[in-house]
Each structure stands twice: as C-alpha cells, then as structure tokens.
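This is my_file_10.pdb (PDB, C-alpha atoms).
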MODEL        1
ATOM      1  CA  MET A   6      -7.630 -28.907  -8.880
ATOM      2  CA  ALA A   7      -6.469 -27.945  -5.392
ATOM      3  CA  ASN A   8      -8.998 -27.157  -2.676
ATOM      4  CA  ASN A   9      -8.145 -23.447  -2.492
ATOM      5  CA  GLU A  10      -7.751 -22.938  -6.268
ATOM      6  CA  THR A  11     -10.627 -21.256  -8.128
ATOM      7  CA  VAL A  12     -11.980 -22.507 -11.428
ATOM      8  CA  SER A  13     -10.590 -19.485 -13.302
ATOM      9  CA  GLU A  14      -7.115 -20.007 -11.788
ATOM     10  CA  SER A  15      -7.248 -23.652 -12.839
ATOM     11  CA  LEU A  16      -8.254 -22.726 -16.389
ATOM     12  CA  VAL A  17      -5.556 -20.076 -16.667
ATOM     13  CA  GLY A  18      -2.933 -22.544 -15.467
ATOM     14  CA  ALA A  19      -4.045 -25.189 -17.947
ATOM     15  CA  THR A  20      -4.093 -22.654 -20.784
ATOM     16  CA  VAL A  21      -0.574 -21.463 -19.975
ATOM     17  CA  ARG A  22       0.719 -25.047 -19.943
ATOM     18  CA  VAL A  23      -0.829 -25.751 -23.364
ATOM     19  CA  LEU A  24       0.526 -22.500 -24.843
ATOM     20  CA  MET A  25       4.012 -23.290 -23.545
ATOM     21  CA  ARG A  26       3.939 -26.716 -25.230
ATOM     22  CA  VAL A  27       2.800 -25.127 -28.501
ATOM     23  CA  ALA A  28       5.535 -22.479 -28.243
ATOM     24  CA  PHE A  29       8.194 -25.185 -27.879
ATOM     25  CA  VAL A  30       6.976 -26.896 -31.057
ATOM     26  CA  PHE A  31       7.171 -23.711 -33.171
ATOM     27  CA  GLU A  32      10.360 -22.270 -31.635
ATOM     28  CA  PRO A  33      12.621 -23.338 -34.573
ATOM     29  CA  LEU A  34      10.468 -21.149 -36.848
ATOM     30  CA  ALA A  35      11.116 -18.063 -34.727
ATOM     31  CA  PRO A  36      14.018 -16.673 -36.849
ATOM     32  CA  THR A  37      11.727 -16.373 -39.869
ATOM     33  CA  ALA A  38       9.072 -14.607 -37.806
ATOM     34  CA  ILE A  39      11.628 -12.291 -36.189
ATOM     35  CA  THR A  40      13.083 -11.333 -39.580
ATOM     36  CA  ALA A  41       9.610 -10.664 -40.988
ATOM     37  CA  LEU A  42       8.670  -8.430 -38.042
ATOM     38  CA  MET A  43      11.993  -6.560 -38.217
ATOM     39  CA  ASN A  44      11.580  -5.980 -41.966
ATOM     40  CA  GLN A  45       8.040  -4.716 -41.422
ATOM     41  CA  GLN A  46       9.166  -2.162 -38.833
ATOM     42  CA  LEU A  47      12.237  -1.130 -40.847
ATOM     43  CA  HIS A  48      10.029  -0.594 -43.891
ATOM     44  CA  ARG A  49       7.909   1.837 -41.858
ATOM     45  CA  PHE A  50      11.055   3.738 -40.841
ATOM     46  CA  LYS A  51      12.198   3.855 -44.459
ATOM     47  CA  GLU A  52       8.840   5.265 -45.596
ATOM     48  CA  THR A  53       9.111   8.101 -43.049
ATOM     49  CA  GLY A  54      12.676   8.870 -44.143
ATOM     50  CA  ALA A  55      14.229   7.920 -40.802
ATOM     51  CA  ILE A  56      16.527   5.393 -42.537
ATOM     52  CA  GLY A  57      17.705   4.643 -46.059
ATOM     53  CA  GLU A  58      18.146   1.104 -47.328
ATOM     54  CA  TYR A  59      18.069  -1.763 -44.849
ATOM     55  CA  LYS A  60      18.618  -5.496 -44.573
ATOM     56  CA  ALA A  61      17.724  -7.717 -41.607
ATOM     57  CA  HIS A  62      18.664 -11.339 -40.974
ATOM     58  CA  THR A  63      18.061 -13.580 -37.961
ATOM     59  CA  LYS A  64      20.059 -16.723 -37.241
ATOM     60  CA  ARG A  65      19.150 -19.328 -34.640
ATOM     61  CA  LEU A  66      22.176 -20.045 -32.449
ATOM     62  CA  GLY A  67      20.428 -22.457 -30.123
ATOM     63  CA  LYS A  68      17.162 -22.930 -28.341
ATOM     64  CA  TYR A  69      15.858 -19.412 -27.577
ATOM     65  CA  HIS A  70      19.161 -17.834 -28.655
ATOM     66  CA  TYR A  71      19.274 -15.760 -31.827
ATOM     67  CA  ARG A  72      21.619 -13.403 -33.624
ATOM     68  CA  ILE A  73      19.820 -10.531 -35.326
ATOM     69  CA  GLU A  74      21.865  -8.626 -37.886
ATOM     70  CA  ILE A  75      20.568  -5.310 -39.189
ATOM     71  CA  ASP A  76      22.417  -3.471 -41.944
ATOM     72  CA  LEU A  77      21.311   0.164 -42.301
ATOM     73  CA  ASP A  78      22.323   2.815 -44.825
ATOM     74  CA  LEU A  79      22.048   6.167 -43.052
ATOM     75  CA  THR A  80      22.876   9.753 -43.843
ATOM     76  CA  GLY A  81      24.677  11.795 -41.184
ATOM     77  CA  MET A  82      21.466  13.382 -39.927
ATOM     78  CA  GLN A  83      19.670  10.021 -39.857
ATOM     79  CA  ALA A  84      22.532   8.571 -37.797
ATOM     80  CA  VAL A  85      22.435  11.453 -35.303
ATOM     81  CA  HIS A  86      18.650  11.126 -34.990
ATOM     82  CA  LEU A  87      18.874   7.350 -34.503
ATOM     83  CA  LEU A  88      21.654   7.588 -31.917
ATOM     84  CA  SER A  89      19.871  10.359 -30.010
ATOM     85  CA  ASN A  90      16.782   8.127 -29.767
ATOM     86  CA  LEU A  91      18.778   5.050 -28.728
ATOM     87  CA  PHE A  92      21.084   6.807 -26.246
ATOM     88  CA  PRO A  93      19.384  10.067 -25.206
ATOM     89  CA  THR A  94      21.457  10.789 -22.083
ATOM     90  CA  GLN A  95      24.800   9.854 -23.614
ATOM     91  CA  VAL A  96      24.256  11.882 -26.809
ATOM     92  CA  SER A  97      23.011  14.913 -24.866
ATOM     93  CA  ARG A  98      26.387  15.108 -23.084
ATOM     94  CA  PHE A  99      28.216  15.154 -26.416
ATOM     95  CA  ARG A 100      25.723  17.610 -27.944
ATOM     96  CA  ARG A 101      26.604  20.167 -25.251
ATOM     97  CA  TRP A 102      30.283  19.590 -25.892
ATOM     98  CA  PHE A 103      30.028  20.074 -29.667
ATOM     99  CA  HIS A 104      27.459  22.904 -29.646
ATOM    100  CA  GLY A 105      28.385  24.549 -26.331
TER     101      GLY A 105
ENDMDL
END
Encoded form using structure tokens:
Amino acid sequence: MANNETVSESLVGATVRVLMRVAFVFEPLAPTAITALMNQQLHRFKETGAIGEYKAHTKRLGKYHYRIEIDLDLTGMQAVHLLSNLFPTQVSRFRRWFHG
C-alpha cells in the first residue's frame, strides 16, 4: 500500500484485480450468457407484441469478440415501430417525406 493511498482505495484496487482475473477465466462462457440474456429480452418483446417469432445466436470469434445474430419475424407495423426506436432522427425525415 502506497503512503498516500487510503485503505478503501487499496481494497477497491485489490477487488478489481481479483474480479478481472475471474472474468478472464469465465470469458469463453460469455456466448452462452449473451444468448440467454438476448432470448430473455426478446421474449419480453414478443409478449408485448412488439415482435413476432425470434431466434438469437452468439458465436465467439476471439477473445472478447462475438458475433450476435438475431432473426426476427416482424409485421410491417412492427418493423416501422422498431426502426423508429432504433433510428429516431433518420426515420423522422422519411416520415415527413411519405406523410407530408
């Protein structure tokens, strides 16, 4: 412990170092966890009617690099709603053009 470092700063630093080591050990399991979390959120969207059927898959490309594939079945209105939430400023320009 350095002379100007407090006890709490020392403990926080040690805790972060331990958590980082633990994270490195479990990193190869991340695709399974990511897929599970994505499926959980997509299921909520399906229950509210925001999306139809869905399928999510995560593939580990390398350390801390993943490809997440999401296959959604959407109606026209669901697609417009989804795109307007993802790209609000871009869709608003087109909305004026189509409905202007």
Find the spatial neighbours of stretch 70-77 of chain A, counting all atoms listed in the file, within a cut-off of 9 Å - ignore same-chain residues fewer than 5 positions away - and output them as a VMD selection string. chain A and resid 35 to 36 39 to 40 43 56 to 65
Those residues with C-alpha atoms, as a PDB file, in the coordinates of the input please?
ATOM      1  CA  ALA A  35      11.116 -18.063 -34.727  1.00  0.00           C
ATOM      2  CA  PRO A  36      14.018 -16.673 -36.849  1.00  0.00           C
ATOM      3  CA  ILE A  39      11.628 -12.291 -36.189  1.00  0.00           C
ATOM      4  CA  THR A  40      13.083 -11.333 -39.580  1.00  0.00           C
ATOM      5  CA  MET A  43      11.993  -6.560 -38.217  1.00  0.00           C
ATOM      6  CA  ILE A  56      16.527   5.393 -42.537  1.00  0.00           C
ATOM      7  CA  GLY A  57      17.705   4.643 -46.059  1.00  0.00           C
ATOM      8  CA  GLU A  58      18.146   1.104 -47.328  1.00  0.00           C
ATOM      9  CA  TYR A  59      18.069  -1.763 -44.849  1.00  0.00           C
ATOM     10  CA  LYS A  60      18.618  -5.496 -44.573  1.00  0.00           C
ATOM     11  CA  ALA A  61      17.724  -7.717 -41.607  1.00  0.00           C
ATOM     12  CA  HIS A  62      18.664 -11.339 -40.974  1.00  0.00           C
ATOM     13  CA  THR A  63      18.061 -13.580 -37.961  1.00  0.00           C
ATOM     14  CA  LYS A  64      20.059 -16.723 -37.241  1.00  0.00           C
ATOM     15  CA  ARG A  65      19.150 -19.328 -34.640  1.00  0.00           C
TER      16      ARG A  65
END
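Distance-wise, atom CA of A:Asn90 and atom CA of A:Leu66 end up 28.8 Å apart.
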Quote the spacing between atom CA of A:Met82 and atom CA of A:Gln46 in Å to one decimal place.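 It comes out at 19.9 Å.
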Extract, using only C-alpha atoms, all DNA, RNA and protein residues at most 12 Å from stretch 24-30 of chain A, discarding same-chain residues fewer than 5 positions from it, and format them as a list in words. Val17, Gly18, Ala19, Ala35, Lys68 and Tyr69 of chain A
For atom CA of A:His48 and atom CA of A:Asp78, determine how far apart the two atoms are, in Å to one decimal place.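 Answer for the atom CA of A:His48 to atom CA of A:Asp78 separation: 12.8 Å.
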